[in-house]
Structure formats: C-alpha cells, structure tokens
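File shown here: coords-v1.cif, holding mmCIF, C-alpha atoms and all ligand atoms.
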```
data_run
#
loop_
_atom_site.label_atom_id
_atom_site.label_comp_id
_atom_site.auth_asym_id
_atom_site.auth_seq_id
_atom_site.Cartn_x
_atom_site.Cartn_y
_atom_site.Cartn_z
CA MET A 16 104.16 172.98 68.03
CA VAL A 17 104.63 169.60 66.32
CA PRO A 18 108.36 168.94 65.82
CA LEU A 19 109.39 168.50 62.18
CA THR A 20 110.66 165.03 61.38
CA LYS A 21 112.15 163.75 58.15
CA GLU A 22 108.91 161.81 57.49
CA SER A 23 106.62 164.79 58.08
CA VAL A 24 108.73 167.02 55.82
CA VAL A 25 108.72 164.40 53.03
CA GLY A 26 104.99 163.80 53.54
CA PHE A 27 104.35 167.52 53.29
CA PHE A 28 106.03 167.89 49.92
CA THR A 29 105.14 164.55 48.31
CA LYS A 30 101.58 163.33 48.09
CA ASP A 31 100.90 159.88 46.75
CA ILE A 32 97.30 160.46 45.72
CA LYS A 33 97.11 163.00 42.92
CA SER A 34 94.18 161.77 40.85
CA LEU A 35 90.97 159.76 41.11
CA ASP A 36 92.92 156.85 39.61
CA ASP A 37 95.35 157.04 42.53
CA LEU A 38 92.50 157.31 45.00
CA PHE A 39 90.82 154.28 43.44
CA MET A 40 94.04 152.23 43.71
CA HIS A 41 94.55 153.38 47.28
CA GLY A 42 90.94 152.37 48.13
CA LEU A 43 91.43 148.96 46.56
CA GLN A 44 94.69 148.34 48.45
CA ASP A 45 93.08 149.58 51.64
CA LEU A 46 90.16 147.16 51.30
CA TYR A 47 92.45 144.29 50.28
CA TYR A 48 94.36 144.85 53.52
CA ALA A 49 91.10 145.14 55.49
CA GLU A 50 89.62 141.90 54.11
CA LYS A 51 92.82 140.05 55.02
CA GLN A 52 92.70 141.40 58.56
CA ILE A 53 89.03 140.42 58.85
CA MET A 54 89.89 136.91 57.66
CA LYS A 55 92.47 136.68 60.46
CA ALA A 56 90.02 138.00 63.09
CA LEU A 57 87.03 135.77 62.23
CA PRO A 58 88.37 132.45 63.62
CA ASP A 59 88.61 134.03 67.08
CA MET A 60 85.04 135.30 66.78
CA ILE A 61 83.88 131.83 65.69
CA GLU A 62 85.57 130.35 68.73
CA LYS A 63 84.05 132.89 71.11
CA ALA A 64 80.48 132.65 69.73
CA THR A 65 78.32 130.26 71.73
CA ASN A 66 75.06 130.52 69.83
CA ALA A 67 75.10 127.86 67.10
CA GLN A 68 73.43 130.16 64.57
CA LEU A 69 75.92 132.94 65.20
CA LYS A 70 78.87 130.56 65.01
CA ALA A 71 77.58 129.17 61.70
CA GLY A 72 77.04 132.72 60.41
CA PHE A 73 80.66 133.65 61.17
CA GLU A 74 81.92 130.43 59.57
CA LYS A 75 79.93 131.18 56.44
CA HIS A 76 81.29 134.72 56.33
CA LEU A 77 84.86 133.49 56.77
CA ALA A 78 84.45 131.38 53.62
CA GLU A 79 82.86 134.36 51.85
CA THR A 80 85.73 136.62 52.93
CA GLU A 81 88.24 134.24 51.34
CA GLY A 82 86.25 134.50 48.13
CA GLN A 83 86.11 138.29 48.43
CA ILE A 84 89.89 138.48 48.68
CA GLU A 85 90.11 136.38 45.53
CA ARG A 86 87.71 138.75 43.73
CA LEU A 87 89.88 141.71 44.78
CA ARG A 88 92.92 139.90 43.38
CA GLN A 89 91.04 139.59 40.09
CA VAL A 90 90.44 143.36 40.15
CA PHE A 91 94.18 143.96 40.64
CA GLU A 92 94.73 141.72 37.64
CA LEU A 93 92.24 143.70 35.54
CA LEU A 94 94.17 146.84 36.48
CA ASP A 95 97.53 145.22 35.65
CA ALA A 96 98.68 145.74 39.20
CA ASP A 97 100.16 143.41 41.79
CA PRO A 98 97.80 142.59 44.67
CA LYS A 99 99.08 144.75 47.46
CA GLY A 100 97.56 145.84 50.75
CA ASP A 101 97.80 149.31 52.20
CA LYS A 102 97.66 149.45 55.97
CA CYS A 103 94.18 150.58 56.95
CA PRO A 104 94.03 152.20 60.42
CA ALA A 105 90.21 152.21 60.35
CA ILE A 106 89.78 148.42 60.21
CA GLU A 107 92.64 147.95 62.66
CA GLY A 108 90.81 150.18 65.13
CA ILE A 109 87.46 148.45 64.64
CA LEU A 110 89.00 145.00 65.06
CA LYS A 111 91.10 146.09 68.03
CA GLU A 112 88.04 147.45 69.77
CA GLY A 113 86.16 144.19 69.10
CA LYS A 114 89.04 142.17 70.51
CA GLU A 115 89.23 144.32 73.62
CA LEU A 116 85.49 144.02 74.12
CA MET A 117 85.69 140.22 73.85
CA SER A 118 88.43 140.13 76.48
CA GLU A 119 86.33 142.21 78.86
CA ILE A 120 83.07 140.26 78.56
CA GLU A 121 82.35 137.53 81.06
CA GLY A 122 79.49 135.19 80.29
CA ASP A 123 78.51 133.47 77.06
CA ASP A 124 75.16 135.22 76.76
CA VAL A 125 76.53 138.74 76.73
CA MET A 126 79.48 137.62 74.57
CA ASP A 127 77.18 136.72 71.66
CA VAL A 128 75.40 140.06 71.86
CA GLY A 129 78.78 141.88 71.95
CA LEU A 130 80.06 139.82 69.02
CA ILE A 131 77.06 140.75 66.88
CA ALA A 132 77.66 144.46 67.51
CA ALA A 133 81.41 144.16 66.82
CA ALA A 134 80.78 142.23 63.60
CA GLN A 135 78.22 144.78 62.43
CA ALA A 136 80.77 147.57 62.88
CA VAL A 137 83.06 145.66 60.50
CA GLU A 138 80.27 145.07 57.96
CA HIS A 139 79.23 148.71 57.95
CA TYR A 140 82.84 149.75 57.36
CA GLU A 141 83.11 147.37 54.40
CA ILE A 142 79.77 148.50 52.98
CA THR A 143 80.89 152.15 52.85
CA ARG A 144 84.23 151.25 51.25
CA TYR A 145 82.71 149.02 48.55
CA GLY A 146 80.16 151.74 47.82
CA ALA A 147 82.98 154.25 47.23
CA LEU A 148 84.96 151.83 45.03
CA ILE A 149 81.90 151.13 42.87
CA ALA A 150 81.31 154.86 42.41
CA TRP A 151 84.96 155.60 41.57
CA ALA A 152 85.31 152.64 39.18
CA THR A 153 82.17 153.78 37.36
CA GLU A 154 83.39 157.36 37.13
CA LEU A 155 86.75 156.18 35.80
CA GLY A 156 85.08 154.02 33.16
CA ARG A 157 86.43 150.86 34.80
CA THR A 158 83.06 149.12 34.81
CA ASP A 159 84.91 145.81 34.36
CA CYS A 160 85.88 146.07 38.05
CA VAL A 161 82.36 146.79 39.29
CA PRO A 162 80.87 143.22 39.28
CA ALA A 163 83.55 142.01 41.72
CA PHE A 164 82.88 144.91 44.10
CA LYS A 165 79.12 144.43 43.78
CA ALA A 166 79.42 140.71 44.54
CA ASN A 167 81.43 141.48 47.69
CA LEU A 168 79.06 144.27 48.67
CA ALA A 169 76.05 141.95 48.33
CA GLU A 170 77.68 139.50 50.75
CA GLU A 171 78.51 142.25 53.26
CA ASN A 172 74.93 143.55 53.09
CA ALA A 173 73.48 140.05 53.51
CA THR A 174 75.76 139.40 56.50
CA ASP A 175 74.77 142.69 58.07
CA GLN A 176 71.08 141.88 57.61
CA THR A 177 71.53 138.40 59.10
CA LEU A 178 73.26 139.92 62.12
CA THR A 179 70.48 142.47 62.52
CA ALA A 180 67.86 139.70 62.34
CA MET A 181 69.76 137.75 65.01
CA ALA A 182 69.92 140.79 67.26
CA GLU A 183 66.24 141.53 66.72
CA ARG A 184 65.20 137.96 67.40
CA ARG A 185 67.09 138.34 70.62
CA ILE A 186 69.17 135.25 70.16
CA ASN A 187 69.96 135.57 73.79
CA PRO A 188 66.96 136.59 75.86
CA LYS A 189 68.91 136.25 79.14
CA ALA A 190 71.48 138.82 78.05
CA GLN A 191 68.86 141.24 76.83
CA GLU A 192 66.43 140.86 79.74
CA LYS A 193 68.13 143.27 82.11
CA PRO A 194 69.26 145.99 79.68
CA ALA A 195 65.80 145.95 78.07
CA GLU A 196 64.16 146.68 81.44
CA LYS A 197 66.57 149.41 82.45
CA PRO A 198 66.09 151.78 79.49
CA ALA A 199 62.31 151.36 79.81
CA LYS A 200 62.47 152.52 83.43
CA SER A 201 64.87 155.33 82.81
CA GLN A 202 62.80 156.39 79.81
CA ALA A 203 59.69 156.41 82.00
CA LYS A 204 61.58 158.49 84.53
CA SER A 205 62.83 160.95 81.98
CA THR A 206 59.34 161.21 80.45
CA ALA A 207 57.93 161.85 83.91
CA ARG A 208 60.58 164.46 84.45
CA ARG A 209 59.71 166.08 81.16
CA SER A 210 55.95 166.01 81.86
CA LYS A 211 56.36 167.94 85.12
CA PRO A 212 55.65 171.66 84.95
CA LYS A 213 58.86 172.99 83.50
CA SER A 214 59.96 175.08 86.45
CA PRO A 215 58.28 177.22 89.03
CA ALA A 216 61.12 179.66 88.46
CA ARG A 217 59.76 180.41 84.98
CA PRO A 218 56.72 182.49 85.97
CA ALA A 219 58.96 184.33 88.40
CA ALA A 220 61.47 184.97 85.66
CA LYS A 221 58.65 186.12 83.37
CA ALA A 222 57.32 188.41 86.08
CA LYS A 223 60.81 189.74 86.60
CA ARG A 224 61.13 190.39 82.86
CA ASN A 225 57.71 192.06 82.80
CA GLY A 226 58.72 194.08 85.82
CA THR A 227 61.83 195.20 83.98
CA LYS A 228 59.69 196.11 80.95
CA LYS A 229 57.29 198.05 83.17
CA ALA A 230 60.23 199.74 84.85
CA ARG A 231 61.60 200.62 81.42
CA ARG A 232 58.22 201.95 80.33
CA ARG A 233 58.01 204.01 83.51
CA ALA A 234 61.46 205.42 82.80
FE FE B 301 84.47 141.41 53.45
FE FE B 302 82.23 141.29 55.83
#
```
Can you present the structure in this file as structure tokens?
Amino acid sequence: MVPLTKESVVGFFTKDIKSLDDLFMHGLQDLYYAEKQIMKALPDMIEKATNAQLKAGFEKHLAETEGQIERLRQVFELLDADPKGDKCPAIEGILKEGKELMSEIEGDDVMDVGLIAAAQAVEHYEITRYGALIAWATELGRTDCVPAFKANLAEENATDQTLTAMAERRINPKAQEKPAEKPAKSQAKSTARRSKPKSPARPAAKAKRNGTKKARRRA
C-alpha cells in the first residue's frame, strides 16, 4: 500500500484543473516549459551533429524555437496571464533519453542517425501538444490564440519532414549499411521459416482429434 503523505492527501482533495479553461492554461504552461527545455537542449545537439545539413537544420530550429517561445508569450498576454512554465515530465523524459543516447554512441556516422531519431521524438511530442491547444482554444472561443499555435505547429511539422527526408536520403550511408543488411537477412530467414510446412505435429494432432471424435462416436 502506498503510504499517505501530506502532498498525496492534499493532491487527493484539491485538483487544479476543473474546467477546459484550466486544462488549456495547463497545456500552454506545459508547452512553454517544454519549448524552453528544447531551446536549452538544441545547442548540444548542434555540437554533436557532424553532417553539415543536420547541423544547419538544428541551428535553424533553434532560432525558430526562440520565436515560438515569443509567440507563446504573446498568447499569455492575450489571456492576461503571466508567462509561466509548468514542469513537463514528458519532454524531460524525451530529452533525457536523447542525451543518454548521445553519450552512449561512439562514431560520428551513427551519432547523426541517432540525433535525427531523438529530434523526431521531440517534434512529434510538440505536434500532438499544439494540435490539442488549437482544438481547445477553438472550443473555448479563443480563436485569437490559434494563429500563434498554428505558426509554431507549421514549424514543427516542417522540421519533422526535413528530418524524415534526411533519414530517407540516408545522410549517412556508412551508418545505415550494416543495419540495412541485417533486417533483410533476418526477414528472409523469418519468411523462410514461415514458408515451411507449419508443423508435422499438426496432422498428428488432427488425427488425434479425429480419433477422439471417432472414439466419441463409438461411445
Ligand atoms: Fe518547438
Ligand atoms: Fe520543434
């Protein structure tokens, strides 16, 4: 049984989010916090990237992220609220995982491939959150906030697509050479395994079942 603490008791009786308005504000503060964390994480990713195109892509997105934070500040202003971040465990986890991955990778070629995947996890997170904020703002009649969210969302989508294009173009053929061969072989193996007659035990099992049926009929 989870021991009761003062915090858990208070949390049980008092809930901060009681309406869609509250949820909207929480989402905005959450994303404001997330964008600021992303802005802090990007310089390290720029430093680690070795492919010039990837490095330039991260640099561009760092500048965009600064602009996105400014747009979110404007939304706070529209809502007559102070810009305030709410600690977002989701983005902290995604960024922490990316950082750990970077510390474990040896070799520039694989690093770029790992960085693309880590960055895409961040973009996908942001895309879902902006989508929710746009929907909630619309439902609440706060369409004045929507253009800022849409502008940020467009940049996240464009970044995600650029990263996908880089991954598809195989910016690093050396890093992709070996993994690309392995799945092909294992796939061939698994296909071969699947194409074999399923199991010699099956007819026996069928015969056994039939035998049981016959036995039942005899009885
Ligand atoms: Fe962003
Ligand atoms: Fe982003």
Check: Nearest to ligand FE 302 (chain B) among A:Glu183, A:Glu141, A:Glu92, A:Asp97, with distances taken over only C-alpha atoms and all ligand atoms: which residue is it?
Finding: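 When distances to ligand FE 302 (chain B) are compared using only C-alpha atoms and all ligand atoms, the smallest one comes from A:Glu141.
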Next item on the list: Report the distance between atom CA of Thr174 of chain A and atom CA of Tyr48 of chain A in Å, rounded to one decimal place.
Entry: 19.6 Å
Sort by chain and increasing residue number a table of all residues of chain A within 8 Å of ligand FE 301 (chain B), each with its closest pair of atoms and their distance in Å to one decimal, counting all atoms listed in the file, and write it as CSV.
```
residue,atom,partner,partner_atom,distance
A:Ala49,CA,B:FE301,FE,7.9
A:Glu50,CA,B:FE301,FE,5.2
A:Ile53,CA,B:FE301,FE,7.1
A:His76,CA,B:FE301,FE,7.9
A:Glu79,CA,B:FE301,FE,7.4
A:Thr80,CA,B:FE301,FE,5.0
A:Gln83,CA,B:FE301,FE,6.1
A:Ile84,CA,B:FE301,FE,7.8
A:Glu138,CA,B:FE301,FE,7.2
A:Glu141,CA,B:FE301,FE,6.2
A:Asn167,CA,B:FE301,FE,6.5
A:Leu168,CA,B:FE301,FE,7.8
A:Glu170,CA,B:FE301,FE,7.6
A:Glu171,CA,B:FE301,FE,6.0
```
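With all atoms listed in the file as the basis for measurement, A:Lys75 is the residue among A:Lys75, A:Lys102, A:Lys111, A:Lys33 that approaches ligand FE 302 (chain B) most closely.
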